[in-house]
Amino acid sequence: MKSTLRRPIALLFALLTIPQFLLAQASNLEALVDSIAEEHVGSTLAGLSVGVTRSDQVLLKKSFGLANLQWQVPMPMDAVHEIGSITKQFTTAAMLQLYGQEKLDLQADISEYLPDFDTQGRQISVRRLMDHTSGIKGFTEIPEFGEISQRTLPREDLLRLIEKQAYDFEPGEALIYNNSAYFLMGLIIETVSGQSFEDYVEQNLFTPAGMDNSSYCSNSKLVENKAQGYQYSPEGLKLARYHDHTWPYAAGSLCSTISDLLSWNHALHNGELLSPALYEMMITPVPLKDGTQIRYAMGVNHYQHATGRVIEHGGGIDGFLSHSRYYPDEDVTVVVLQNTAAAPGPAAIANQIGEHLFGSPGEPQEQTFAGDLASFSGTYSGPGRGALLTATVAVEDGELNLTIQARGNSGPAQTPTYVGRNTFAQGDIRYMFEMSAGQPGASVLRMDSPSGHYILRSLDD
């Protein structure tokens, strides 16, 4: 009798604790994703795969289009994709495991583990590699790397190229997304563990997370259900450019599937791979040296997105784009994989899914600026990712207009929204102006994105 009563009470409790989105929106989720696929697959995209879970409950897993255009092979549900920089989550998890085993000191200078790497006299902690604040030049932004990327050479050749580059900034002063740092982290993992990066990840991350169809990408092995990568062009889709997987390495050389990445998120965010303390380290951004808060932690962005609090990372590599997003407050994971480097992009699709499920609770509230907008006008310049960034700020019709120029090309003019404390918002980007005492205008413009914090200084001082 008691057992019979418990069942309806438990069922009622479960229904009451299901979030509103699950009752109202999840049933329409497939229709939303179908409409996205109908718009893009077959035109800009060869194929698309999407997975959404809440805890270990699958809300949606579906693939569209073709894994291979030449042979007209339909996209399998769990086609193997190159996931690019989502690899960085695995690299940081490996580093933290070794730190937890006291085999690695995150505060130690990197020369302790890489004595042959020339830091040009700088002290750089291992921790600075993990959030792109080391100042080391990213190898994907070095012109000479274009030729190296298609050849199989000793990894030392890339080290020698990296260490000759001028630093983008002094360690800890800014955040510029940096594949060199993760290349170095792969070498540190091998030095400390005594294993290849490939073997370490296989044994200590893939296997415990139940990722049976994930691996270090290969340029020569036959991989079952491996999707072909494509590149969009105005003339139509083309085969992706070749790249040698010697180089993306710990920054971007892992291959995986929708199901495996859903399993990865469940294992990572539910304490199956890292202790609570190590997990907290991984997802907590550490301020810059001057105390400025950033939104990149260790291999993940962690911030208040328009659709809610997210822990996420995207990836892009020749022919493939990917995005893995976790909503910790709702225990929801969204994974999107494209086998085409083209619009709309997995992050944009994840945004549509997030907005469908949760609305836009994290949109910053517009405020009224009571001062003189002209105090922000001027030209600001500073290092960006692989190029000098120049921002031109002007006031037109009572609104702040801002244009960013890089490599001689100007982006579209923006009219960001004022959100308080001399800060303006445009999507996920925050433009933060700093005033100097005794001067009429701003002296510094900080451009803060989830994966970058650029410091541009006024050219009008």
# chains A, B, ... in the order shown; residues from 1 in each chain; ligands from 1
>>> closest_atom_pairs(of="region 255-361 of chain A", to="region 171-194 of chain A", cutoff="12 Å", atoms="only C-alpha atoms", output="Markdown table")
| residue | atom | partner | partner_atom | distance |
| --- | --- | --- | --- | --- |
| A:Pro285 | CA | A:Leu175 | CA | 11.5 |
| A:Val286 | CA | A:Gly172 | CA | 10.0 |
| A:Pro287 | CA | A:Gly172 | CA | 8.6 |
| A:Leu288 | CA | A:Gly172 | CA | 5.4 |
| A:Lys289 | CA | A:Gly172 | CA | 5.3 |
| A:Asp290 | CA | A:Glu173 | CA | 7.2 |
| A:Gly291 | CA | A:Glu173 | CA | 9.6 |
| A:Thr292 | CA | A:Ala174 | CA | 9.1 |
| A:Gln293 | CA | A:Ala174 | CA | 10.4 |
| A:Ile294 | CA | A:Leu175 | CA | 8.1 |
| A:Arg295 | CA | A:Leu175 | CA | 9.8 |
| A:Tyr296 | CA | A:Leu175 | CA | 8.6 |
| A:Ala297 | CA | A:Leu175 | CA | 10.9 |
| A:Met298 | CA | A:Tyr182 | CA | 10.7 |
| A:Gly299 | CA | A:Tyr182 | CA | 9.3 |
| A:Val300 | CA | A:Tyr177 | CA | 11.8 |
| A:Asn301 | CA | A:Tyr177 | CA | 11.5 |
| A:Gly315 | CA | A:Asn179 | CA | 11.7 |
| A:Gly316 | CA | A:Asn179 | CA | 12.0 |
>>> select_by_dssp(residues="region 232-323 of chain A", states="strand (DSSP E or B)", output="PyMOL selection string")
chain A and resi 238-239+254-256+296+301-305+308-317+320-323
>>> closest_residue(among="A:Lys137, A:His266, A:Lys62, A:Arg421", to="Gly384 (chain A)", atoms="only C-alpha atoms")
A:Lys137
>>> closest_residue(among="A:Ile283, A:Leu205, A:Ala370, A:Met95", to="His269 (chain A)", atoms="only C-alpha atoms")
A:Ile283
>>> atom_distance(atom1="CA of Ser214 (chain A)", atom2="CA of Asp260 (chain A)")
6.9 Å
>>> residues_around(residues="Gly100 (chain A)", least_positions_apart="2", cutoff="12 Å", atoms="only C-alpha atoms", output="compact mmCIF listing (two decimals) with N, CA and C atoms, in the first residue's frame")
# COMPACT_ATOMS: atom_id res chain seq x y z
N ALA A 93 41.51 19.70 -18.70
CA ALA A 93 41.13 18.64 -17.76
C ALA A 93 42.32 17.72 -17.47
N ALA A 94 43.10 17.42 -18.52
CA ALA A 94 44.29 16.59 -18.32
C ALA A 94 45.29 17.29 -17.40
N MET A 95 45.52 18.58 -17.64
CA MET A 95 46.44 19.36 -16.80
C MET A 95 45.99 19.36 -15.35
N LEU A 96 44.70 19.53 -15.13
CA LEU A 96 44.19 19.59 -13.76
C LEU A 96 44.27 18.23 -13.08
N GLN A 97 44.06 17.15 -13.83
CA GLN A 97 44.24 15.83 -13.24
C GLN A 97 45.68 15.65 -12.76
N LEU A 98 46.64 16.05 -13.59
CA LEU A 98 48.05 15.92 -13.21
C LEU A 98 48.39 16.84 -12.03
N GLU A 102 49.64 15.98 -7.97
CA GLU A 102 50.87 16.64 -7.55
C GLU A 102 52.04 16.33 -8.47
N LYS A 103 51.73 16.11 -9.73
CA LYS A 103 52.77 15.90 -10.75
C LYS A 103 53.07 17.19 -11.50
N LEU A 104 52.28 18.22 -11.25
CA LEU A 104 52.38 19.46 -11.99
C LEU A 104 52.05 20.63 -11.07
N ASP A 105 52.83 21.68 -11.16
CA ASP A 105 52.61 22.90 -10.38
C ASP A 105 52.14 24.00 -11.32
N LEU A 106 50.89 24.43 -11.18
CA LEU A 106 50.34 25.43 -12.09
C LEU A 106 50.97 26.80 -11.90
N LEU A 273 35.28 13.26 -13.64
CA LEU A 273 36.65 13.36 -14.15
C LEU A 273 37.55 14.20 -13.26
N LEU A 274 36.96 15.16 -12.56
CA LEU A 274 37.72 16.06 -11.70
C LEU A 274 37.04 16.16 -10.34
N SER A 275 37.84 16.37 -9.30
CA SER A 275 37.27 16.61 -7.98
C SER A 275 36.51 17.94 -8.00
N PRO A 276 35.61 18.17 -7.04
CA PRO A 276 34.90 19.46 -7.00
C PRO A 276 35.84 20.65 -6.99
N ALA A 277 36.94 20.57 -6.25
CA ALA A 277 37.87 21.69 -6.18
C ALA A 277 38.55 21.94 -7.52
N LEU A 278 38.96 20.88 -8.20
CA LEU A 278 39.61 21.03 -9.49
C LEU A 278 38.63 21.52 -10.55
N TYR A 279 37.40 21.02 -10.48
CA TYR A 279 36.37 21.48 -11.42
C TYR A 279 36.12 22.98 -11.24
N MET A 281 38.18 25.17 -10.17
CA MET A 281 39.32 25.88 -10.76
C MET A 281 39.15 26.00 -12.27
>>> select_by_dssp(residues="region 190-239 of chain A", states="alpha helix (DSSP H)", output="MDAnalysis selection string")
chainID A and resid 190:193 197:201 207:209
>>> residues_around(residues="Arg155 (chain A)", least_positions_apart="4", cutoff="10 Å", atoms="only C-alpha atoms", output="list in words")
Leu159, Arg160, Phe183, Leu187, Thr246, Trp247 and Tyr249 of chain A
>>> write_last_selection(atoms="N, CA, C and O atoms", output="PDB file, in the first residue's frame")
ATOM      1  N   LEU A 159      58.209  25.128 -32.240  1.00  0.00           N
ATOM      2  CA  LEU A 159      58.686  25.787 -31.019  1.00  0.00           C
ATOM      3  C   LEU A 159      59.690  26.880 -31.352  1.00  0.00           C
ATOM      4  O   LEU A 159      59.640  27.988 -30.812  1.00  0.00           O
ATOM      5  N   ARG A 160      60.627  26.560 -32.244  1.00  0.00           N
ATOM      6  CA  ARG A 160      61.648  27.537 -32.617  1.00  0.00           C
ATOM      7  C   ARG A 160      61.013  28.751 -33.298  1.00  0.00           C
ATOM      8  O   ARG A 160      61.470  29.887 -33.114  1.00  0.00           O
ATOM      9  N   PHE A 183      49.567  24.373 -27.443  1.00  0.00           N
ATOM     10  CA  PHE A 183      50.612  23.523 -28.010  1.00  0.00           C
ATOM     11  C   PHE A 183      51.645  23.220 -26.927  1.00  0.00           C
ATOM     12  O   PHE A 183      52.055  22.062 -26.739  1.00  0.00           O
ATOM     13  N   LEU A 187      52.835  19.529 -24.773  1.00  0.00           N
ATOM     14  CA  LEU A 187      54.198  19.070 -24.492  1.00  0.00           C
ATOM     15  C   LEU A 187      54.413  18.885 -22.990  1.00  0.00           C
ATOM     16  O   LEU A 187      55.091  17.941 -22.559  1.00  0.00           O
ATOM     17  N   THR A 246      49.843  17.151 -37.002  1.00  0.00           N
ATOM     18  CA  THR A 246      50.967  17.366 -36.089  1.00  0.00           C
ATOM     19  C   THR A 246      50.767  18.656 -35.314  1.00  0.00           C
ATOM     20  O   THR A 246      51.171  18.768 -34.153  1.00  0.00           O
ATOM     21  N   TRP A 247      50.089  19.631 -35.946  1.00  0.00           N
ATOM     22  CA  TRP A 247      50.116  20.995 -35.433  1.00  0.00           C
ATOM     23  C   TRP A 247      48.928  21.422 -34.571  1.00  0.00           C
ATOM     24  O   TRP A 247      49.145  22.046 -33.521  1.00  0.00           O
ATOM     25  N   TYR A 249      47.181  19.650 -32.576  1.00  0.00           N
ATOM     26  CA  TYR A 249      47.690  18.999 -31.363  1.00  0.00           C
ATOM     27  C   TYR A 249      46.762  19.252 -30.172  1.00  0.00           C
ATOM     28  O   TYR A 249      45.545  19.084 -30.285  1.00  0.00           O
TER      29      TYR A 249
END
>>> residues_around(residues="Ile353 (chain A)", least_positions_apart="4", cutoff="9 Å", atoms="only C-alpha atoms", output="VMD selection string")
chain A and resid 29 32 to 33 52 334 348 to 349 357 to 358
>>> write_last_selection(atoms="C-alpha atoms", output="PDB file, in the first residue's frame")
ATOM      1  CA  LEU A  29      12.640  21.902 -30.149  1.00  0.00           C
ATOM      2  CA  LEU A  32      13.022  24.638 -34.492  1.00  0.00           C
ATOM      3  CA  VAL A  33      16.111  22.609 -35.419  1.00  0.00           C
ATOM      4  CA  VAL A  52      20.492  18.549 -26.604  1.00  0.00           C
ATOM      5  CA  VAL A 334      23.759  21.799 -26.378  1.00  0.00           C
ATOM      6  CA  ALA A 348      24.564  30.922 -33.694  1.00  0.00           C
ATOM      7  CA  ILE A 349      22.511  27.717 -33.777  1.00  0.00           C
ATOM      8  CA  LEU A 357      14.402  27.064 -24.343  1.00  0.00           C
ATOM      9  CA  PHE A 358      15.147  29.906 -21.933  1.00  0.00           C
TER      10      PHE A 358
END
>>> atom_distance(atom1="CA of Phe169 (chain A)", atom2="CA of Val444 (chain A)")
15.3 Å
>>> closest_residue(among="A:His313, A:Val335, A:Glu280, A:Arg151", to="Lys61 (chain A)", atoms="only C-alpha atoms")
A:Val335
>>> closest_residue(among="A:Arg241, A:Glu202, A:Ala166, A:Pro234", to="Gln150 (chain A)", atoms="only C-alpha atoms")
A:Arg241
>>> atom_distance(atom1="CA of Thr368 (chain A)", atom2="CA of Arg446 (chain A)")
20.5 Å
>>> closest_residue(among="A:Asp448, A:Asp168, A:Asn401, A:Asp116", to="Glu156 (chain A)", atoms="only C-alpha atoms")
A:Asp116
>>> residues_around(residues="Gly441 (chain A)", least_positions_apart="6", cutoff="7 Å", atoms="only C-alpha atoms", output="JSON, numbers by chain")
{"A": [375, 376, 435]}
>>> closest_residue(among="A:Thr403, A:Asn225, A:Ser125, A:Ser324", to="Leu66 (chain A)", atoms="only C-alpha atoms")
A:Asn225
